[in-house]
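Next up, work-v1.txt (compact mmCIF, C-alpha atoms and all ligand atoms):
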```
# COMPACT_ATOMS: atom_id res chain seq x y z
CA MET D 1 127.52 2.58 89.62
CA PRO D 2 125.29 4.38 87.12
CA CYS D 3 127.05 6.02 84.20
CA ILE D 4 126.10 8.14 81.19
CA LEU D 5 127.19 6.64 77.88
CA ASP D 6 126.60 7.12 74.16
CA CYS D 7 125.57 3.68 72.94
CA PRO D 8 125.06 2.38 69.38
CA ILE D 9 121.77 0.71 68.46
CA VAL D 10 122.56 -2.84 67.37
CA MET D 11 119.02 -4.18 66.81
CA ARG D 12 115.58 -2.69 66.09
CA GLN D 13 112.32 -4.62 65.81
CA GLU D 14 108.67 -3.63 65.48
CA VAL D 15 107.09 -6.20 67.77
CA ALA D 16 103.42 -5.13 67.64
CA PRO D 17 101.47 -2.11 66.44
CA GLY D 18 103.09 0.93 68.15
CA HIS D 19 105.62 -1.19 70.06
CA VAL D 20 109.36 -1.22 69.32
CA ARG D 21 112.33 -3.15 70.68
CA LEU D 22 115.83 -1.60 70.62
CA ALA D 23 119.08 -3.26 71.69
CA LEU D 24 122.03 -1.02 72.49
CA LYS D 25 125.63 -2.03 72.93
CA ALA D 26 126.45 -0.90 76.47
CA PRO D 27 128.85 -3.33 78.19
CA GLU D 28 129.51 -0.99 81.16
CA ILE D 29 125.77 -0.76 81.92
CA ALA D 30 124.97 -4.42 81.15
CA ARG D 31 127.71 -5.56 83.56
CA THR D 32 125.95 -4.17 86.65
CA ALA D 33 122.29 -3.89 85.57
CA GLN D 34 119.72 -5.94 87.51
CA PRO D 35 116.21 -7.03 86.43
CA GLY D 36 113.73 -4.28 87.33
CA GLN D 37 116.26 -1.46 87.05
CA PHE D 38 115.97 1.14 84.30
CA ALA D 39 117.87 3.68 82.24
CA MET D 40 117.03 7.30 81.42
CA ILE D 41 117.25 7.59 77.64
CA GLN D 42 117.95 10.82 75.79
CA VAL D 43 115.48 10.41 72.95
CA ALA D 44 116.95 13.04 70.59
CA GLU D 45 120.11 15.08 70.15
CA GLY D 46 120.05 18.70 71.35
CA ILE D 47 117.99 20.12 74.17
CA TYR D 48 114.48 19.16 72.99
CA PRO D 49 112.87 17.31 74.62
CA PHE D 50 114.78 18.44 77.70
CA LEU D 51 114.00 15.43 79.90
CA ARG D 52 115.25 11.91 79.34
CA ARG D 53 112.62 9.14 79.36
CA PRO D 54 112.77 6.19 81.81
CA MET D 55 112.76 2.68 80.28
CA SER D 56 113.17 -0.69 82.00
CA PHE D 57 115.70 -3.21 80.82
CA GLU D 58 113.76 -5.86 78.94
CA ARG D 59 116.87 -8.00 78.67
CA ILE D 60 120.36 -7.72 80.07
CA LEU D 61 122.93 -9.42 77.84
CA SER D 62 126.71 -9.67 78.24
CA ASP D 63 127.53 -6.50 76.30
CA SER D 64 124.15 -4.96 75.52
CA VAL D 65 120.81 -3.98 77.02
CA VAL D 66 117.41 -4.30 75.35
CA PHE D 67 114.42 -1.97 75.72
CA LEU D 68 110.82 -2.62 74.71
CA PHE D 69 108.61 0.43 74.52
CA LYS D 70 105.18 1.64 73.56
CA VAL D 71 104.90 4.82 71.52
CA GLU D 72 102.99 7.13 73.88
CA GLY D 73 103.86 10.74 73.11
CA GLU D 74 106.53 12.99 71.66
CA GLY D 75 109.50 11.37 73.42
CA THR D 76 108.75 7.79 72.39
CA ARG D 77 107.80 8.99 68.86
CA LEU D 78 111.32 10.43 68.53
CA LEU D 79 112.82 7.29 70.02
CA GLU D 80 111.06 4.94 67.59
CA ARG D 81 112.55 6.80 64.59
CA HIS D 82 116.05 5.63 65.48
CA ALA D 83 117.73 3.01 63.31
CA VAL D 84 120.51 0.47 63.78
CA GLY D 85 123.89 2.27 63.83
CA GLN D 86 122.58 5.48 65.40
CA ARG D 87 123.59 6.28 68.97
CA LEU D 88 121.56 7.11 72.07
CA SER D 89 122.75 8.47 75.40
CA LEU D 90 121.83 6.16 78.30
CA HIS D 91 122.01 7.03 82.02
CA GLY D 92 121.91 3.87 84.07
CA PRO D 93 121.48 1.43 85.59
CA LEU D 94 119.14 3.29 87.95
CA GLY D 95 116.78 2.38 90.79
CA LYS D 96 116.24 -0.76 92.81
CA GLY D 97 115.28 -3.88 90.88
CA PHE D 98 113.52 -7.11 91.80
CA PRO D 99 115.16 -9.06 94.64
CA LEU D 100 116.01 -12.53 93.27
CA ASP D 101 115.06 -14.74 96.18
CA ASP D 102 115.20 -18.51 95.84
CA GLY D 103 113.35 -19.06 99.13
CA PHE D 104 109.91 -18.98 97.47
CA SER D 105 107.97 -22.11 96.49
CA ARG D 106 106.44 -20.48 93.42
CA HIS D 107 107.18 -17.35 91.35
CA ILE D 108 104.31 -15.80 89.35
CA ILE D 109 104.75 -12.83 87.04
CA VAL D 110 101.66 -10.74 86.20
CA ALA D 111 102.12 -8.33 83.29
CA GLY D 112 99.62 -5.87 81.85
CA GLY D 113 100.23 -4.30 78.43
CA ILE D 114 103.66 -2.70 78.10
CA GLY D 115 104.15 -3.53 81.81
CA VAL D 116 105.63 -6.78 80.49
CA ALA D 117 108.83 -4.87 79.60
CA PRO D 118 110.94 -5.68 82.71
CA PHE D 119 109.87 -9.32 82.91
CA PRO D 120 111.98 -11.20 80.34
CA ALA D 121 115.05 -10.01 82.31
CA LEU D 122 113.38 -11.04 85.59
CA ALA D 123 112.44 -14.48 84.24
CA GLU D 124 116.06 -15.02 83.11
CA GLY D 125 117.33 -13.83 86.49
CA LEU D 126 114.98 -16.17 88.39
CA ILE D 127 115.93 -19.13 86.18
CA ARG D 128 119.62 -18.43 86.84
CA LYS D 129 119.14 -17.94 90.58
CA CYS D 130 116.43 -20.52 91.38
CA GLY D 131 116.90 -23.03 88.55
CA LYS D 132 113.17 -22.89 87.81
CA ALA D 133 111.18 -20.87 85.29
CA PRO D 134 108.48 -18.59 86.75
CA GLU D 135 104.84 -18.84 85.70
CA VAL D 136 103.72 -15.85 83.64
CA ILE D 137 100.35 -14.19 83.09
CA ILE D 138 100.25 -11.70 80.21
CA GLY D 139 97.27 -9.39 79.98
CA ALA D 140 96.57 -7.21 76.93
CA ARG D 141 93.70 -5.41 75.27
CA THR D 142 93.67 -7.68 72.21
CA ARG D 143 95.54 -10.64 70.74
CA ASP D 144 97.91 -8.51 68.59
CA LEU D 145 99.04 -6.57 71.68
CA VAL D 146 100.16 -9.66 73.63
CA LEU D 147 103.90 -9.09 74.02
CA CYS D 148 106.80 -11.47 74.70
CA GLU D 149 104.68 -14.66 74.77
CA ASP D 150 107.18 -16.62 72.62
CA ASP D 151 110.13 -15.34 74.67
CA PHE D 152 108.64 -16.63 77.91
CA ARG D 153 107.64 -19.98 76.39
CA GLN D 154 111.18 -20.41 75.00
CA MET D 155 112.50 -19.89 78.54
CA GLY D 156 110.22 -22.71 79.72
CA CYS D 157 107.71 -20.50 81.54
CA LEU D 158 104.15 -21.79 81.90
CA THR D 159 102.40 -18.86 80.22
CA HIS D 160 98.75 -17.78 80.56
CA LEU D 161 97.04 -15.09 78.49
CA ALA D 162 94.16 -12.73 79.21
CA THR D 163 92.66 -10.24 76.78
CA ASP D 164 89.97 -7.62 77.32
CA ASP D 165 88.10 -8.75 74.20
CA GLY D 166 88.71 -12.50 74.63
CA SER D 167 90.53 -12.71 71.26
CA ILE D 168 93.02 -15.06 72.94
CA GLY D 169 93.19 -16.64 76.39
CA HIS D 170 90.90 -15.70 79.26
CA LYS D 171 88.38 -12.97 78.43
CA GLY D 172 88.97 -10.47 81.18
CA PHE D 173 91.74 -9.25 83.44
CA ALA D 174 95.13 -10.73 84.31
CA HIS D 175 94.39 -10.69 88.07
CA GLU D 176 91.38 -12.97 87.45
CA VAL D 177 93.78 -15.57 85.98
CA LEU D 178 96.04 -15.08 89.00
CA GLU D 179 93.11 -15.80 91.33
CA ARG D 180 92.44 -19.07 89.45
CA LEU D 181 96.09 -20.13 89.92
CA SER D 182 95.44 -19.96 93.70
CA PRO D 183 98.87 -18.88 94.94
CA ALA D 184 99.43 -19.84 98.57
CA PRO D 185 101.73 -18.38 101.26
CA GLY D 186 105.31 -19.14 100.25
CA ALA D 187 104.74 -17.92 96.69
CA CYS D 188 105.93 -14.58 95.31
CA ILE D 189 104.06 -12.46 92.77
CA TYR D 190 105.70 -9.81 90.57
CA ALA D 191 103.40 -7.28 88.89
CA CYS D 192 103.83 -4.44 86.42
CA GLY D 193 101.18 -2.78 84.31
CA PRO D 194 98.36 -0.27 84.61
CA MET D 195 97.76 0.99 88.17
CA PRO D 196 94.28 -0.58 88.49
CA MET D 197 95.78 -3.97 87.61
CA MET D 198 98.62 -3.61 90.11
CA LYS D 199 96.22 -2.50 92.81
CA ALA D 200 93.96 -5.52 92.15
CA VAL D 201 96.95 -7.91 92.14
CA SER D 202 98.32 -6.39 95.36
CA ARG D 203 94.95 -6.66 97.12
CA LEU D 204 94.61 -10.28 96.07
CA ALA D 205 98.16 -11.10 97.20
CA MET D 206 97.58 -9.45 100.58
CA SER D 207 94.27 -11.29 101.07
CA LEU D 208 96.03 -14.61 100.34
CA GLY D 209 99.07 -13.81 102.50
CA VAL D 210 101.37 -14.01 99.47
CA ASP D 211 104.45 -11.82 98.92
CA CYS D 212 104.03 -9.32 96.10
CA ARG D 213 106.45 -6.93 94.42
CA VAL D 214 105.24 -4.23 92.08
CA SER D 215 107.17 -2.14 89.58
CA LEU D 216 105.60 1.33 89.62
CA GLU D 217 105.71 4.17 87.13
CA ALA D 218 105.79 7.91 87.65
CA GLN D 219 106.78 10.80 85.46
CA MET D 220 110.47 11.41 86.10
CA ALA D 221 112.83 14.34 85.67
CA CYS D 222 116.24 13.43 87.15
CA GLY D 223 115.80 9.66 87.58
CA ASP D 224 118.32 9.49 90.42
CA GLY D 225 116.56 10.74 93.54
CA ALA D 226 117.40 14.45 93.49
CA CYS D 227 114.31 16.32 92.26
CA LEU D 228 111.48 14.56 94.20
CA GLY D 229 109.38 14.75 91.04
CA CYS D 230 108.36 11.09 91.16
CA VAL D 231 107.13 10.60 94.75
CA ILE D 232 104.21 8.34 95.64
CA GLU D 233 102.46 7.80 98.95
CA SER D 234 103.61 5.04 101.28
CA VAL D 235 101.80 3.56 104.28
CA ARG D 236 105.04 3.71 106.27
CA GLU D 237 106.62 6.87 107.62
CA LYS D 238 110.33 7.45 106.97
CA GLU D 239 112.15 10.55 108.23
CA GLY D 240 108.81 12.23 109.00
CA GLU D 241 107.44 11.66 105.47
CA LYS D 242 105.11 9.03 104.06
CA MET D 243 106.58 9.43 100.60
CA MET D 244 108.75 7.19 98.41
CA ARG D 245 110.70 8.17 95.29
CA VAL D 246 109.83 5.81 92.45
CA CYS D 247 113.24 6.36 90.80
CA ALA D 248 115.53 5.83 93.80
CA ASP D 249 113.49 3.91 96.42
CA GLY D 250 111.92 1.82 93.61
CA PRO D 251 110.68 1.40 90.94
CA VAL D 252 110.21 -2.05 92.52
CA PHE D 253 108.41 -1.94 95.87
CA ASP D 254 106.99 -4.45 98.29
CA ALA D 255 103.24 -4.04 97.57
CA THR D 256 102.46 -3.74 101.30
CA LEU D 257 104.46 -0.48 101.48
CA VAL D 258 102.39 1.31 98.83
CA ASP D 259 99.38 3.37 99.93
CA TRP D 260 97.01 2.14 97.22
CA ASP D 261 94.19 4.35 98.51
CA ALA D 262 96.15 7.62 98.30
CA HIS D 263 94.54 10.04 95.87
CA ASN D 264 97.08 9.74 93.07
CA LEU D 265 96.98 5.95 93.21
CA ALA D 266 93.29 5.51 93.87
CA TYR D 267 92.13 3.47 90.90
CA ASP D 268 89.83 0.47 90.92
CA LEU D 269 88.92 -2.15 88.35
C1 LIG Y 301 110.87 3.21 85.89
C2 LIG Y 301 110.09 3.32 84.61
C3 LIG Y 301 110.30 2.37 83.63
C4 LIG Y 301 109.58 2.44 82.45
N1 LIG Y 301 109.79 1.49 81.52
C5 LIG Y 301 109.11 1.54 80.36
C6 LIG Y 301 109.32 0.55 79.37
O1 LIG Y 301 110.12 -0.37 79.54
N2 LIG Y 301 108.61 0.65 78.22
C7 LIG Y 301 107.71 1.66 78.00
O2 LIG Y 301 107.08 1.70 76.94
N3 LIG Y 301 107.49 2.62 78.93
C8 LIG Y 301 108.17 2.58 80.09
N4 LIG Y 301 107.96 3.55 81.01
C9 LIG Y 301 107.03 4.65 80.70
C10 LIG Y 301 107.73 5.62 79.78
O3 LIG Y 301 108.80 6.24 80.45
C11 LIG Y 301 106.73 6.68 79.30
O4 LIG Y 301 105.76 6.06 78.49
C12 LIG Y 301 107.43 7.70 78.50
O5 LIG Y 301 108.22 8.50 79.34
C13 LIG Y 301 106.45 8.57 77.77
O6 LIG Y 301 107.21 9.57 77.12
P1 LIG Y 301 106.65 10.33 75.86
O7 LIG Y 301 107.48 11.55 75.67
O8 LIG Y 301 106.48 9.43 74.71
O9 LIG Y 301 105.21 10.72 76.32
P2 LIG Y 301 104.74 12.08 76.94
O10 LIG Y 301 104.41 13.01 75.82
O11 LIG Y 301 105.67 12.53 78.00
O12 LIG Y 301 103.41 11.55 77.58
C14 LIG Y 301 102.41 10.85 76.80
C15 LIG Y 301 101.42 10.23 77.74
O13 LIG Y 301 102.06 9.25 78.58
C16 LIG Y 301 101.92 9.60 79.95
N5 LIG Y 301 103.20 9.30 80.61
C17 LIG Y 301 104.38 9.93 80.42
N6 LIG Y 301 105.34 9.40 81.19
C18 LIG Y 301 104.74 8.42 81.90
C19 LIG Y 301 105.19 7.51 82.86
N7 LIG Y 301 106.45 7.48 83.30
N8 LIG Y 301 104.29 6.64 83.36
C20 LIG Y 301 103.02 6.64 82.96
N9 LIG Y 301 102.53 7.48 82.04
C21 LIG Y 301 103.38 8.36 81.52
C22 LIG Y 301 101.61 11.07 79.96
O14 LIG Y 301 100.85 11.46 81.11
C23 LIG Y 301 100.80 11.24 78.69
O15 LIG Y 301 99.45 10.86 78.89
C24 LIG Y 301 108.66 3.50 82.22
C25 LIG Y 301 108.46 4.47 83.21
C26 LIG Y 301 109.17 4.36 84.39
C27 LIG Y 301 108.96 5.40 85.45
S1 LIG Y 302 112.77 11.65 89.17
FE1 LIG Y 302 113.89 13.04 90.38
S2 LIG Y 302 113.64 12.19 92.38
FE2 LIG Y 302 112.72 10.71 91.10
```
Go through the file and emit its structure as structure tokens.
Ligand SMILES: Cc1cc2nc3c(=O)[nH]c(=O)nc-3n(C[C@H](O)[C@H](O)[C@H](O)COP(=O)(O)OP(=O)(O)OC[C@H]3O[C@@H](n4cnc5c(N)ncnc54)[C@H](O)[C@@H]3O)c2cc1C
Ligand code: FES
Amino acid sequence: MPCILDCPIVMRQEVAPGHVRLALKAPEIARTAQPGQFAMIQVAEGIYPFLRRPMSFERILSDSVVFLFKVEGEGTRLLERHAVGQRLSLHGPLGKGFPLDDGFSRHIIVAGGIGVAPFPALAEGLIRKCGKAPEVIIGARTRDLVLCEDDFRQMGCLTHLATDDGSIGHKGFAHEVLERLSPAPGACIYACGPMPMMKAVSRLAMSLGVDCRVSLEAQMACGDGACLGCVIESVREKEGEKMMRVCADGPVFDATLVDWDAHNLAYDL
């Protein structure tokens, strides 16, 4: 059950330019949180900014949860100013996370930029459930923006890198590395990152007949399904609507359910 709690910050790290990791002591949330779920964080005391900001769990520990975020705008600028010992209000765990299914022959994570955030928790969950570390592809603009590489390697994940400028790893996009890994039916791909990347990964997975789960983003107000502010188009009709709420029906979706050609998702690489 989601709850709203004031939680102390127990760790703060600058992990890359404009990217911060915060751990908060939150045993009640950590106990039920699943990889791929998120919390709505109140980024400052008082009523400004009015809306909480959604953040995925980067790690779920026994009595704490860890967030990794990119400073984007006013909300994340306020969030990054917090120090160890200060408290933040968390609402969570929210949404539907990644199913941990040990029936697959191969698990491949594809992360683009800050889209890597939910994947350390997923990799730990898959190792616990399946006894085998997933393969990981991390895409970033440049070498200094590659996030979590050491964490995945320490977990035993075979890790591949792709950068836009070729400063490390493959010069180009993460989905091009995925294509080279030639996943076959029976594998499962997990993707999170910029929409064009997720669309390219989903198309590739569908063309190869491989299962694919994507963690989508949308601007959110309530975070728990009430306001309909976060809907995206689906290819499947449910209760007369072809809409899905990212916060409550996702943020993790089977890629075949998403209407990638709908106007607000229509990006191409
Ligand atoms: C389920 C979910 C999990 C997320 N997990 C993480 C995470 O682990 N780490 C992380 O860094 N970010 C994550 N995000 C995105 C994060 O919530 C936004 O970056 C954040 O809300 C921006 O707030 P802001 O006040 O700093 O920026 P704003 O001033 O609100 O916006 C700055 C810019 O970011 C864009 N933006 C705002 N919100 C979003 C959004 N939700 N998705 C895409 N673009 C947005 C705006 O259009 C604008 O261009 C997640 C989003 C969702 C929906
Ligand atoms: S944010 Fe309110 S329904 Fe999703």
**Item:** Nearest to Leu161 (chain D), chosen from D:Leu122, D:Cys212, D:Ala23, D:Ala111, with all atoms listed in the file counted in the distances
**Value:**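 With all atoms listed in the file as the atom set, the closest residue is D:Ala111.
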Considering only C-alpha atoms, give me a table of residues in region 166-220 of chain D that are at most 6 Å from region 94-108 of chain D, with the closest atom pair and distance in Å for each, as a tab-separated table.
```
residue	atom	partner	partner_atom	distance
D:Gly186	CA	D:Phe104	CA	5.4
D:Ala187	CA	D:Arg106	CA	4.5
D:Cys188	CA	D:His107	CA	5.0
D:Ile189	CA	D:Ile108	CA	4.8
```
**Item:** Selected residue of minimal separation from ligand LIG 302 (chain Y) among D:Pro54, D:Gly85, D:Gly92, D:Pro196, counting all atoms listed in the file
**Value:**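 Of all the options, D:Pro54 lies closest to ligand LIG 302 (chain Y).
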**For CA of Asp249 (chain D) and CA of Ser215 (chain D), the interatomic separation in Å (one decimal)** =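 Distance between the two atoms: 11.1 Å.
Each of D:Pro185, D:Gly229, D:Gly131, D:Pro49 was compared to Gly75 (chain D) using all atoms listed in the file, and D:Pro49 turns out to be the nearest.
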Padding of 4 Å on every side, edges along x, y and z, all listed atoms of ligand LIG 301 (chain Y) included: what centre and edge lengths in Å, to one decimal, does that box have, as JSON?
```
{"center_x": 105.2, "center_y": 6.3, "center_z": 80.3, "size_x": 19.4, "size_y": 21.4, "size_z": 19.2}
```
**Top pick for closest residue to Pro27 (chain D), considering D:Asp259, D:Asp211, D:Glu241, D:Asp6 and counting all atoms listed in the file** =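 Comparing D:Asp259, D:Asp211, D:Glu241, D:Asp6 against Pro27 (chain D), the winner is D:Asp6.
Using only C-alpha atoms, the shortest contact distance between Ser182 (chain D) and any of D:Met155, D:Met244, D:Ala205, D:Val258 is found at D:Ala205.
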**Item:** Residue list as a VMD selection string for point (100.9, -8.9, 75.2), cut-off 10 Å, only C-alpha atoms
**Value:** chain D and resid 16 111 to 117 137 to 149 161 to 163
Using all atoms listed in the file, what does the table of chain D residues within 8 Å of ligand LIG 302 (chain Y) look like, with each row giving the shortest atom pair and its distance in Å to one decimal, sorted by chain and ascending number, as a tab-separated table?
```
residue	atom	partner	partner_atom	distance
D:Gln219	CA	Y:LIG302	S1	7.1
D:Met220	CA	Y:LIG302	S1	3.8
D:Ala221	CA	Y:LIG302	S1	4.4
D:Cys222	CA	Y:LIG302	FE1	4.0
D:Gly223	CA	Y:LIG302	S1	4.0
D:Asp224	CA	Y:LIG302	FE1	5.7
D:Gly225	CA	Y:LIG302	S2	3.5
D:Ala226	CA	Y:LIG302	S2	4.5
D:Cys227	CA	Y:LIG302	FE1	3.8
D:Leu228	CA	Y:LIG302	S2	3.7
D:Gly229	CA	Y:LIG302	FE1	4.9
D:Cys230	CA	Y:LIG302	FE2	4.4
D:Val231	CA	Y:LIG302	FE2	6.7
D:Arg245	CA	Y:LIG302	FE2	5.3
D:Val246	CA	Y:LIG302	FE2	5.8
D:Cys247	CA	Y:LIG302	FE2	4.4
D:Ala248	CA	Y:LIG302	FE2	6.2
```
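The space separating CA of Ala30 (chain D) from CA of Pro194 (chain D) comes to 27.2 Å.
Each of D:Phe38, D:Tyr48, D:Trp260, D:Tyr190 was checked against ligand LIG 301 (chain Y) using only C-alpha atoms and all ligand atoms; the smallest atom-to-atom distance is that of D:Phe38.
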**Message:** Between atom O9 of ligand LIG 301 (chain Y) and CA of Val84 (chain D), what distance in Å does the model show, to one decimal?
**Reply:**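 Separating atom O9 of ligand LIG 301 (chain Y) from CA of Val84 (chain D) is a distance of 22.3 Å.
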Taking all atoms listed in the file into account, report as a PDB file with C-alpha atoms, keeping the file's coordinate frame which residues have an atom no farther than 7 Å from an atom of ligand LIG 301 (chain Y).
```
ATOM      1  CA  PHE D  38     115.970   1.140  84.300  1.00  0.00           C
ATOM      2  CA  ARG D  53     112.620   9.140  79.360  1.00  0.00           C
ATOM      3  CA  PRO D  54     112.770   6.190  81.810  1.00  0.00           C
ATOM      4  CA  MET D  55     112.760   2.680  80.280  1.00  0.00           C
ATOM      5  CA  SER D  56     113.170  -0.690  82.000  1.00  0.00           C
ATOM      6  CA  PHE D  57     115.700  -3.210  80.820  1.00  0.00           C
ATOM      7  CA  GLU D  58     113.760  -5.860  78.940  1.00  0.00           C
ATOM      8  CA  PHE D  67     114.420  -1.970  75.720  1.00  0.00           C
ATOM      9  CA  LEU D  68     110.820  -2.620  74.710  1.00  0.00           C
ATOM     10  CA  PHE D  69     108.610   0.430  74.520  1.00  0.00           C
ATOM     11  CA  LYS D  70     105.180   1.640  73.560  1.00  0.00           C
ATOM     12  CA  VAL D  71     104.900   4.820  71.520  1.00  0.00           C
ATOM     13  CA  GLU D  72     102.990   7.130  73.880  1.00  0.00           C
ATOM     14  CA  GLY D  73     103.860  10.740  73.110  1.00  0.00           C
ATOM     15  CA  GLU D  74     106.530  12.990  71.660  1.00  0.00           C
ATOM     16  CA  GLY D  75     109.500  11.370  73.420  1.00  0.00           C
ATOM     17  CA  THR D  76     108.750   7.790  72.390  1.00  0.00           C
ATOM     18  CA  ARG D  77     107.800   8.990  68.860  1.00  0.00           C
ATOM     19  CA  ILE D 114     103.660  -2.700  78.100  1.00  0.00           C
ATOM     20  CA  ALA D 117     108.830  -4.870  79.600  1.00  0.00           C
ATOM     21  CA  PRO D 118     110.940  -5.680  82.710  1.00  0.00           C
ATOM     22  CA  LEU D 216     105.600   1.330  89.620  1.00  0.00           C
ATOM     23  CA  GLU D 217     105.710   4.170  87.130  1.00  0.00           C
ATOM     24  CA  ALA D 218     105.790   7.910  87.650  1.00  0.00           C
ATOM     25  CA  GLN D 219     106.780  10.800  85.460  1.00  0.00           C
ATOM     26  CA  MET D 220     110.470  11.410  86.100  1.00  0.00           C
ATOM     27  CA  CYS D 247     113.240   6.360  90.800  1.00  0.00           C
ATOM     28  CA  PRO D 251     110.680   1.400  90.940  1.00  0.00           C
TER      29      PRO D 251
END
```
**Asked** Within 6 Å of (92.7, -7.5, 82.2), in the coordinates the file gives, what residues turn up when you count only C-alpha atoms, written out as number ranges by chain?
**Response** D: 139, 164, 172-174
Can region 139-154 of chain D be brought up to N, CA, C and O atoms and written out as a short mmCIF file (atom, residue, chain, number, x, y, z; two decimals), in the frame of the given file?
```cif
data_model
loop_
_atom_site.label_atom_id
_atom_site.label_comp_id
_atom_site.auth_asym_id
_atom_site.auth_seq_id
_atom_site.Cartn_x
_atom_site.Cartn_y
_atom_site.Cartn_z
N GLY D 139 98.56 -9.99 80.30
CA GLY D 139 97.27 -9.39 79.98
C GLY D 139 97.45 -8.33 78.91
O GLY D 139 98.48 -7.62 78.89
N ALA D 140 96.49 -8.22 78.00
CA ALA D 140 96.57 -7.21 76.93
C ALA D 140 95.16 -6.88 76.48
O ALA D 140 94.21 -7.61 76.81
N ARG D 141 95.04 -5.78 75.73
CA ARG D 141 93.70 -5.41 75.27
C ARG D 141 93.19 -6.41 74.23
O ARG D 141 92.06 -6.86 74.32
N THR D 142 94.06 -6.74 73.27
CA THR D 142 93.67 -7.68 72.21
C THR D 142 94.83 -8.60 71.90
O THR D 142 95.97 -8.36 72.32
N ARG D 143 94.55 -9.63 71.10
CA ARG D 143 95.54 -10.64 70.74
C ARG D 143 96.83 -10.05 70.14
O ARG D 143 97.93 -10.45 70.49
N ASP D 144 96.70 -9.04 69.25
CA ASP D 144 97.91 -8.51 68.59
C ASP D 144 98.75 -7.64 69.52
O ASP D 144 99.85 -7.24 69.16
N LEU D 145 98.25 -7.36 70.73
CA LEU D 145 99.04 -6.57 71.68
C LEU D 145 99.63 -7.44 72.80
O LEU D 145 100.18 -6.92 73.77
N VAL D 146 99.51 -8.75 72.66
CA VAL D 146 100.16 -9.66 73.63
C VAL D 146 101.65 -9.66 73.29
O VAL D 146 102.05 -9.99 72.18
N LEU D 147 102.47 -9.26 74.27
CA LEU D 147 103.90 -9.09 74.02
C LEU D 147 104.71 -10.17 74.73
O LEU D 147 104.36 -10.58 75.84
N CYS D 148 105.77 -10.60 74.09
CA CYS D 148 106.80 -11.47 74.70
C CYS D 148 106.33 -12.90 74.98
O CYS D 148 107.05 -13.64 75.67
N GLU D 149 105.18 -13.31 74.46
CA GLU D 149 104.68 -14.66 74.77
C GLU D 149 105.71 -15.72 74.36
O GLU D 149 106.05 -16.62 75.14
N ASP D 150 106.22 -15.61 73.10
CA ASP D 150 107.18 -16.62 72.62
C ASP D 150 108.45 -16.63 73.45
O ASP D 150 109.02 -17.68 73.72
N ASP D 151 108.89 -15.42 73.87
CA ASP D 151 110.13 -15.34 74.67
C ASP D 151 109.98 -16.12 75.98
O ASP D 151 110.86 -16.87 76.37
N PHE D 152 108.83 -15.93 76.64
CA PHE D 152 108.64 -16.63 77.91
C PHE D 152 108.51 -18.15 77.69
O PHE D 152 109.08 -18.93 78.46
N ARG D 153 107.80 -18.54 76.64
CA ARG D 153 107.64 -19.98 76.39
C ARG D 153 109.00 -20.61 76.09
O ARG D 153 109.31 -21.71 76.55
N GLN D 154 109.83 -19.88 75.30
CA GLN D 154 111.18 -20.41 75.00
C GLN D 154 112.02 -20.58 76.27
O GLN D 154 112.90 -21.42 76.33
#
```
